[in-house]
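Asks: Contents are compact mmCIF, C-alpha atoms; file name final03.txt:
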# COMPACT_ATOMS: atom_id res chain seq x y z
CA MET C 1 -23.88 2.97 -9.20
CA LYS C 2 -23.45 0.78 -6.12
CA ARG C 3 -19.99 -0.67 -5.57
CA ALA C 4 -19.86 -1.48 -1.85
CA LEU C 5 -16.49 -3.17 -1.37
CA ALA C 6 -17.02 -3.08 2.40
CA SER C 7 -13.38 -3.81 3.06
CA LEU C 8 -11.53 -1.55 5.51
CA CYS C 9 -8.86 -1.20 2.80
CA ALA C 10 -8.89 2.59 2.97
CA VAL C 11 -8.55 2.70 6.73
CA ALA C 12 -5.72 0.20 6.51
CA ALA C 13 -4.06 2.14 3.70
CA LEU C 14 -3.73 5.23 5.87
CA THR C 15 -1.78 3.18 8.37
CA GLY C 16 0.43 1.32 5.92
CA ALA C 17 -1.47 -1.95 6.28
CA ALA C 18 -3.46 -2.12 3.08
CA ALA C 19 -3.54 -5.36 1.21
CA THR C 20 -4.86 -6.31 -2.14
CA GLY C 21 -8.55 -7.19 -2.03
CA CYS C 22 -8.76 -6.99 1.73
CA GLY C 23 -12.51 -6.46 1.60
CA HIS C 24 -15.43 -8.75 2.19
CA GLY C 25 -18.12 -6.83 0.31
CA SER C 26 -20.89 -7.79 -2.06
CA ASP C 27 -22.29 -6.38 -5.27
CA PRO C 28 -25.74 -5.03 -4.30
CA ALA C 29 -26.31 -3.61 -7.76
CA GLY C 30 -26.39 -7.15 -9.11
CA ARG C 31 -23.72 -6.57 -11.74
CA GLY C 32 -22.18 -9.98 -11.19
CA ARG C 33 -18.89 -8.73 -9.76
CA PRO C 34 -17.17 -11.61 -7.91
CA GLU C 35 -16.50 -11.35 -4.20
CA PRO C 36 -13.00 -10.08 -3.35
CA LEU C 37 -10.59 -12.69 -2.08
CA THR C 38 -10.10 -13.18 1.62
CA TRP C 39 -6.59 -12.81 2.98
CA GLN C 40 -6.40 -16.61 3.24
CA GLN C 41 -7.21 -16.94 -0.45
CA GLU C 42 -4.74 -14.21 -1.38
CA LEU C 43 -2.04 -16.05 0.54
CA ARG C 44 -2.78 -19.23 -1.40
CA VAL C 45 -2.40 -17.33 -4.68
CA THR C 46 0.95 -16.01 -3.46
CA ASP C 47 2.04 -19.52 -2.52
CA ALA C 48 0.97 -20.81 -5.93
CA GLN C 49 2.96 -18.07 -7.64
CA GLN C 50 6.04 -19.13 -5.68
CA ARG C 51 5.46 -22.78 -6.56
CA LEU C 52 5.15 -21.97 -10.26
CA THR C 53 8.30 -19.86 -10.11
CA ALA C 54 10.20 -22.67 -8.40
CA ARG C 55 9.10 -25.18 -11.04
CA CYS C 56 10.17 -22.84 -13.82
CA MET C 57 13.56 -22.20 -12.21
CA ALA C 58 14.10 -25.94 -11.82
CA ARG C 59 13.61 -26.35 -15.57
CA HIS C 60 16.42 -23.82 -16.01
CA GLY C 61 18.64 -25.81 -13.65
CA PHE C 62 18.35 -23.57 -10.59
CA THR C 63 16.99 -23.92 -7.06
CA TYR C 64 14.33 -21.48 -5.84
CA TRP C 65 13.19 -21.46 -2.21
CA GLU C 66 9.49 -20.98 -1.48
CA ASP C 67 8.67 -19.00 1.66
CA ARG C 68 6.07 -20.87 3.70
CA THR C 69 7.61 -20.33 7.12
CA LEU C 70 4.45 -18.92 8.70
CA THR C 71 1.37 -20.95 9.49
CA LEU C 72 -1.96 -19.81 8.10
CA ARG C 73 -2.92 -18.35 11.46
CA GLU C 74 0.40 -16.52 11.83
CA SER C 75 -0.04 -15.04 8.35
CA MET C 76 -3.17 -13.09 9.28
CA PRO C 77 -2.59 -9.41 8.39
CA VAL C 78 -3.16 -6.91 11.19
CA ARG C 79 -5.51 -4.23 9.84
CA TYR C 80 -6.40 -0.85 11.30
CA VAL C 81 -9.24 -2.63 13.08
CA GLN C 82 -8.02 -5.86 14.69
CA ASP C 83 -10.76 -7.41 16.80
CA ASP C 84 -9.56 -11.02 17.01
CA VAL C 85 -8.89 -11.27 20.76
CA ALA C 86 -7.55 -14.83 20.58
CA TRP C 87 -5.01 -13.85 17.91
CA ALA C 88 -3.94 -10.83 19.94
CA ARG C 89 -3.51 -13.01 23.03
CA ALA C 90 -1.21 -15.33 21.09
CA HIS C 91 0.66 -12.86 18.89
CA GLY C 92 0.08 -9.34 20.17
CA TYR C 93 0.31 -7.11 17.13
CA GLY C 94 2.50 -9.62 15.33
CA GLY C 95 5.78 -8.02 16.42
CA ARG C 96 7.57 -11.31 16.95
CA ILE C 97 6.24 -12.66 13.67
CA GLY C 98 7.51 -9.59 11.85
CA ALA C 99 10.92 -9.83 13.50
CA ARG C 100 11.20 -13.48 12.50
CA GLN C 101 10.32 -12.62 8.90
CA GLU C 102 12.87 -9.81 8.86
CA ARG C 103 15.59 -12.21 10.05
CA LEU C 104 14.62 -14.59 7.26
CA ARG C 105 14.76 -11.77 4.72
CA LEU C 106 18.26 -10.80 5.84
CA HIS C 107 19.50 -14.39 5.79
CA HIS C 108 17.40 -15.89 3.05
CA PRO C 109 18.90 -19.07 1.55
CA LEU C 110 18.10 -17.87 -1.96
CA ALA C 111 20.43 -14.87 -1.56
CA ALA C 112 23.24 -17.09 -0.29
CA TYR C 113 22.61 -19.55 -3.12
CA ARG C 114 22.83 -16.78 -5.72
CA ARG C 115 26.04 -15.39 -4.21
CA GLY C 116 27.60 -18.84 -4.42
CA LEU C 117 27.12 -19.05 -8.17
CA SER C 118 29.82 -18.14 -10.65
CA ALA C 119 29.44 -14.80 -12.43
CA ALA C 120 28.15 -16.49 -15.57
CA ARG C 121 25.71 -18.70 -13.66
CA ARG C 122 24.57 -15.73 -11.60
CA ALA C 123 23.71 -13.82 -14.77
CA ALA C 124 21.86 -16.87 -16.08
CA PHE C 125 20.01 -17.16 -12.77
CA ASP C 126 18.89 -13.51 -12.96
CA GLU C 127 17.74 -13.87 -16.54
CA ALA C 128 15.82 -17.04 -15.73
CA LEU C 129 14.15 -15.47 -12.69
CA ASP C 130 13.11 -12.03 -13.95
CA GLY C 131 14.42 -11.58 -17.46
CA GLY C 132 17.75 -10.02 -16.55
CA ALA C 133 18.84 -7.40 -19.06
CA ARG C 134 15.95 -8.34 -21.36
CA VAL C 135 13.29 -7.59 -18.75
CA ARG C 136 10.21 -5.68 -19.89
CA ILE C 137 8.78 -2.72 -18.00
CA LEU C 138 5.07 -2.56 -17.14
CA SER C 139 3.47 0.78 -16.31
CA ALA C 140 0.19 1.91 -14.76
CA THR C 141 -1.35 5.22 -13.75
CA LEU C 142 -2.62 5.58 -10.18
CA PRO C 143 -6.12 7.02 -9.61
CA GLY C 144 -6.32 10.56 -8.33
CA SER C 145 -2.63 11.51 -8.42
CA GLY C 146 -2.06 10.41 -12.01
CA ARG C 147 1.37 9.18 -10.92
CA GLU C 148 2.88 6.50 -13.10
CA VAL C 149 4.20 3.37 -11.41
CA ARG C 150 6.39 0.79 -13.08
CA LYS C 151 7.30 -2.83 -12.55
CA ARG C 152 10.04 -5.00 -14.01
CA LEU C 153 8.77 -8.34 -15.27
CA GLY C 154 10.26 -11.25 -17.16
CA GLY C 155 11.56 -14.78 -16.87
CA CYS C 156 9.97 -17.24 -14.47
CA THR C 157 8.31 -14.42 -12.54
CA GLU C 158 6.38 -13.46 -15.65
CA GLU C 159 5.62 -17.08 -16.49
CA ALA C 160 4.09 -17.61 -13.03
CA GLU C 161 1.95 -14.48 -13.25
CA ARG C 162 0.80 -15.40 -16.73
CA ALA C 163 -0.24 -18.87 -15.54
CA LEU C 164 -2.40 -17.34 -12.80
CA TYR C 165 -3.72 -14.10 -14.26
CA GLY C 166 -3.40 -14.41 -18.02
CA ASP C 167 -1.92 -11.16 -19.32
CA PRO C 168 0.46 -9.80 -16.63
CA GLY C 169 0.29 -6.30 -18.08
CA ARG C 170 -3.48 -6.19 -17.83
CA TRP C 171 -3.36 -7.55 -14.27
CA PHE C 172 -0.79 -4.93 -13.25
CA ARG C 173 -2.87 -2.07 -14.63
CA VAL C 174 -6.23 -3.09 -13.16
CA SER C 175 -4.74 -4.08 -9.80
CA LYS C 176 -3.01 -0.72 -9.43
CA THR C 177 -6.25 1.04 -10.31
CA ALA C 178 -8.46 -1.04 -8.02
CA THR C 179 -6.15 -1.01 -5.01
CA GLY C 180 -5.40 2.68 -5.50
CA LEU C 181 -9.01 3.83 -5.38
CA ASN C 182 -8.89 4.31 -1.62
CA ALA C 183 -6.70 7.36 -2.21
CA LEU C 184 -9.76 9.07 -3.69
CA TYR C 185 -11.80 8.88 -0.49
CA ALA C 186 -9.48 7.94 2.38
CA GLY C 187 -9.36 11.48 3.73
CA ASP C 188 -13.14 11.81 3.77
CA LEU C 189 -13.44 8.41 5.42
CA MET C 190 -11.04 9.20 8.23
CA ARG C 191 -12.91 12.47 8.89
CA ASP C 192 -16.32 10.80 8.77
CA ARG C 193 -18.29 11.69 11.90
CA ARG C 194 -19.60 8.19 12.53
CA LEU C 195 -16.15 6.67 12.19
CA THR C 196 -14.44 9.30 14.35
CA ALA C 197 -17.14 8.81 16.99
CA ALA C 198 -16.48 5.06 17.00
CA VAL C 199 -12.72 5.63 17.26
CA ALA C 200 -13.31 8.04 20.15
CA ALA C 201 -15.40 5.37 21.88
CA TRP C 202 -12.59 2.89 21.31
CA SER C 203 -10.13 5.36 22.86
CA ARG C 204 -12.31 5.82 25.94
CA CYS C 205 -12.58 2.06 26.30
CA MET C 206 -8.79 1.71 26.14
CA GLY C 207 -8.45 4.40 28.80
CA THR C 208 -10.37 2.38 31.35
CA SER C 209 -7.43 -0.01 31.81
CA GLY C 210 -4.44 1.90 30.45
CA PRO C 211 -3.40 4.77 28.17
CA ALA C 212 -6.25 6.28 26.12
CA TYR C 213 -4.55 6.10 22.74
CA ALA C 214 -6.09 8.33 20.08
CA ASP C 215 -6.65 5.45 17.66
CA PRO C 216 -5.52 1.86 17.02
CA GLN C 217 -2.49 2.94 15.01
CA ALA C 218 -1.27 5.10 17.88
CA ALA C 219 -1.40 2.07 20.18
CA ARG C 220 0.63 -0.02 17.74
CA ASP C 221 3.16 2.74 17.18
CA ALA C 222 3.61 3.04 20.95
CA MET C 223 4.26 -0.68 21.26
CA ARG C 224 6.80 -0.66 18.43
CA GLN C 225 8.60 2.24 20.10
CA ASN C 226 8.52 0.44 23.43
CA THR C 227 10.00 -2.72 21.88
CA ALA C 228 12.79 -0.69 20.26
CA ARG C 229 13.49 1.15 23.53
CA LEU C 230 13.71 -2.01 25.63
CA GLY C 231 15.88 -3.81 23.08
CA PRO C 232 16.64 -7.52 22.67
CA ALA C 233 17.69 -7.99 26.30
CA ARG C 234 14.16 -7.19 27.47
CA ALA C 235 12.29 -8.74 24.56
CA ASP C 236 9.98 -10.80 26.79
CA GLU C 237 8.96 -7.71 28.73
CA ALA C 238 8.32 -5.82 25.50
CA PHE C 239 6.19 -8.62 24.09
CA ALA C 240 4.16 -8.85 27.30
CA ALA C 241 3.31 -5.16 26.97
CA GLU C 242 2.53 -5.54 23.27
CA ARG C 243 0.26 -8.49 23.92
CA ALA C 244 -1.62 -6.78 26.76
CA THR C 245 -2.23 -3.69 24.64
CA ALA C 246 -3.26 -5.74 21.60
CA VAL C 247 -5.75 -7.75 23.65
CA ALA C 248 -7.26 -4.57 25.07
CA ASP C 249 -7.33 -3.04 21.57
CA ALA C 250 -9.16 -6.03 20.07
CA GLY C 251 -11.59 -6.21 22.98
CA CYS C 252 -12.43 -2.52 22.76
CA ALA C 253 -12.82 -2.73 18.98
CA ARG C 254 -15.39 -5.47 19.52
CA SER C 255 -17.20 -3.61 22.31
CA VAL C 256 -17.74 -0.47 20.21
CA SER C 257 -18.34 -2.35 16.90
CA LEU C 258 -15.47 -0.47 15.28
CA ARG C 259 -15.12 -2.92 12.40
CA SER C 260 -18.76 -2.76 11.35
CA VAL C 261 -18.79 1.05 11.56
CA ALA C 262 -15.62 1.36 9.47
CA THR C 263 -16.90 -1.18 6.96
CA ASP C 264 -20.22 0.61 6.59
CA ARG C 265 -18.66 4.05 6.20
CA GLU C 266 -16.14 2.86 3.64
CA ALA C 267 -18.95 1.28 1.63
CA HIS C 268 -20.67 4.68 1.66
CA TYR C 269 -17.67 6.42 0.10
CA VAL C 270 -16.89 3.64 -2.36
CA ASP C 271 -20.48 3.86 -3.62
CA ARG C 272 -19.79 7.47 -4.58
CA LEU C 273 -16.78 6.72 -6.79
CA PRO C 274 -17.10 7.70 -10.46
CA ASP C 275 -18.57 5.01 -12.72
CA ARG C 276 -15.48 5.10 -14.93
CA TYR C 277 -13.73 2.79 -12.46
CA ASP C 278 -16.32 0.03 -12.80
CA GLU C 279 -14.56 -1.82 -15.59
CA ALA C 280 -11.23 -1.91 -13.74
CA LEU C 281 -12.95 -3.17 -10.57
CA ASP C 282 -14.87 -5.82 -12.47
CA THR C 283 -11.75 -7.04 -14.24
CA TYR C 284 -9.69 -6.96 -11.05
CA ARG C 285 -12.18 -9.11 -9.18
CA ARG C 286 -12.51 -11.58 -12.06
CA LEU C 287 -8.75 -11.97 -12.44
CA GLN C 288 -8.35 -12.40 -8.69
CA ARG C 289 -10.96 -15.15 -8.68
CA GLN C 290 -9.38 -16.77 -11.75
CA ALA C 291 -5.99 -16.79 -10.05
CA TYR C 292 -7.42 -18.35 -6.91
CA ASP C 293 -9.30 -21.05 -8.85
CA ARG C 294 -6.02 -21.96 -10.52
CA ALA C 295 -4.04 -21.73 -7.27
CA VAL C 296 -6.13 -24.38 -5.52
CA ARG C 297 -4.95 -26.87 -8.11
CA ILE C 298 -1.31 -25.96 -7.53
CA VAL C 299 -0.76 -25.71 -3.76
CA PRO C 300 -2.66 -26.75 -0.63
CA GLN C 301 -3.77 -24.17 1.87
CA ARG C 302 -1.23 -23.63 4.62
CA ALA C 303 -1.84 -25.51 7.85
Please express the file's structure as structure tokens.

Replies:
Amino acid sequence: MKRALASLCAVAALTGAAATGCGHGSDPAGRGRPEPLTWQQELRVTDAQQRLTARCMARHGFTYWEDRTLTLRESMPVRYVQDDVAWARAHGYGGRIGARQERLRLHHPLAAYRRGLSAARRAAFDEALDGGARVRILSATLPGSGREVRKRLGGCTEEAERALYGDPGRWFRVSKTATGLNALYAGDLMRDRRLTAAVAAWSRCMGTSGPAYADPQAARDAMRQNTARLGPARADEAFAAERATAVADAGCARSVSLRSVATDREAHYVDRLPDRYDEALDTYRRLQRQAYDRAVRIVPQRA
């Protein structure tokens, strides 16, 4: 049965960059499966979940900070194939964006706010946010490995998820199934002759103006290592190198049509997945779309 997600999720997963519903596929079998969300739509759902959580916490007498520090453009995830030359020229591989987010994580106002509460209020804060000691545990089984994953859920976090997805337990199970399916074919995809040929062409293209990295992830790893080696004192130099490599990477990806090849080959392997996963995929897509339709009534899209 055809299930062409056409997403690049599997390629991204092998490099630690997978994101929920990162595909842009269709449903050629005509089964009525909704389109997966774009990353922009996923971000809006995340923002809506934060807004709902903040409203709930306010009802309990607490402040909750929403994280909207990045613009929409800055929030673009960098996949295995990144062929947006303009974005690369502005942001490289997103190293500076990531560093800024890490600084925010380490000095987040919510953590300081919680530390400033009395012990009793801190316990009340935790219970309001995620259920505290009365939290419930959700579980799901990952495709292929059969490994069980768990998630703590309660309080305002659960209330926000319920408002967007309906039953949080159902959403957790189908999302872990749907987003874990790439584990069933990722190895075959990365060994696919058409994909490896396109990556080799990308590598040759990169070699015309600099190092012939084996694949896009190798280029990014080299830039991260270079940034760490140069340190904060030479941050501008490190970013200049990152940006130059990212621009070349994106340009070469475009010149050899790496995205379209990877998309096509992933669709091929997704089409061969067992039919028993159809229901989870259908439900996952429907709940995603439901959450987005609700999110647009809660928060505006980021500027």

Asks: Could you check the closest approach to His268 in chain C for each of C:Leu195, C:Ala128, C:Ala291, C:Leu72 and tell me which residue wins, using all atoms listed in the file?

Replies: C:Leu195

Asks: May I ask for the distance between CA of Gly251 in chain C and CA of Gly94 in chain C, given in Å to one decimal place?

Replies: 16.4 Å

Asks: Measuring atom to atom with only C-alpha atoms, identify which of C:Ala198, C:Ala163, C:Ala124, C:Val81 is nearest to Asp249 in chain C.

Replies: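 Once distances to Asp249 in chain C are computed over only C-alpha atoms, the minimum belongs to C:Val81.
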
Asks: Let me make sure I understand: among C:His91, C:Arg122, C:Arg79, C:Arg162, which one has the smallest atom-to-atom distance to Gln290 in chain C if we use all atoms listed in the file?

Replies: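 Closest to Gln290 in chain C, using all atoms listed in the file: C:Arg162.
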
Asks: Determine, counting only C-alpha atoms, which protein, DNA and RNA residues have an atom within 9 Å of an atom of Gly132 in chain C; residues of the same chain fewer than 6 positions away are not included. Present the result as a count of residues only.

Replies: 6

Asks: Quick one: distance from CA of Ala186 in chain C to CA of Ala140 in chain C in Å, one decimal?

Replies: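 Here the two named atoms are 20.6 Å from each other.
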
Asks: Distance CA of Ile298 in chain C-CA of Ala160 in chain C, one decimal place?

Replies: 11.4 Å

Asks: Using all atoms listed in the file, find each residue of range 133-248 of chain C with at least one atom at most 8 Å away from an atom of range 275-280 of chain C; report its shortest atom-to-atom pair and that distance in Å (one decimal), sort the rows by chain and rising residue number, and return the result as JSON lines.

Replies:
{"residue": "C:Val174", "atom": "CA", "partner": "C:Ala280", "partner_atom": "CA", "distance": 5.2}
{"residue": "C:Ser175", "atom": "CA", "partner": "C:Ala280", "partner_atom": "CA", "distance": 7.9}
{"residue": "C:Thr177", "atom": "CA", "partner": "C:Ala280", "partner_atom": "CA", "distance": 6.7}
{"residue": "C:Ala178", "atom": "CA", "partner": "C:Ala280", "partner_atom": "CA", "distance": 6.4}

Asks: Using only C-alpha atoms, determine which residues lie at most 12 Å from Gly98 in chain C, disregarding the query and same-chain residues fewer than 2 positions distant; provide the list as number ranges by chain.

Replies: C: 69-70, 74-78, 91-96, 100-105, 224

Asks: Counting all atoms listed in the file, write as a list in words all protein and nucleic acid residues lying at most 9 Å from (-10.9, 8.3, 6.5) in the file's frame.

Replies: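 The requested residues, written out, are Ala10, Val11, Leu14, Tyr185, Ala186, Gly187, Asp188, Leu189, Met190, Arg191, Asp192, Leu195, Thr196, Ala262, Arg265 and Glu266 of chain C.
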
Asks: Of the candidates C:Pro300, C:Pro216, C:Gly116, C:Gly180, which shows the shortest atom-to-atom distance to Gly146 in chain C, using all atoms listed in the file?

Replies: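 Selected residue with least distance to Gly146 in chain C: C:Gly180.
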
Asks: Looking at C:Ser118, C:Thr263, C:Thr157, C:Thr245, which one is nearest to Ala218 in chain C, with distances taken over only C-alpha atoms?

Replies: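 With only C-alpha atoms as the atom set, the closest residue is C:Thr245.
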
Asks: With distances taken over all atoms listed in the file, which of C:Glu148, C:Glu237, C:Asp47, C:Glu158 is nearest to Arg173 in chain C?

Replies: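 Nearest candidate to Arg173 in chain C out of C:Glu148, C:Glu237, C:Asp47, C:Glu158: C:Glu148.
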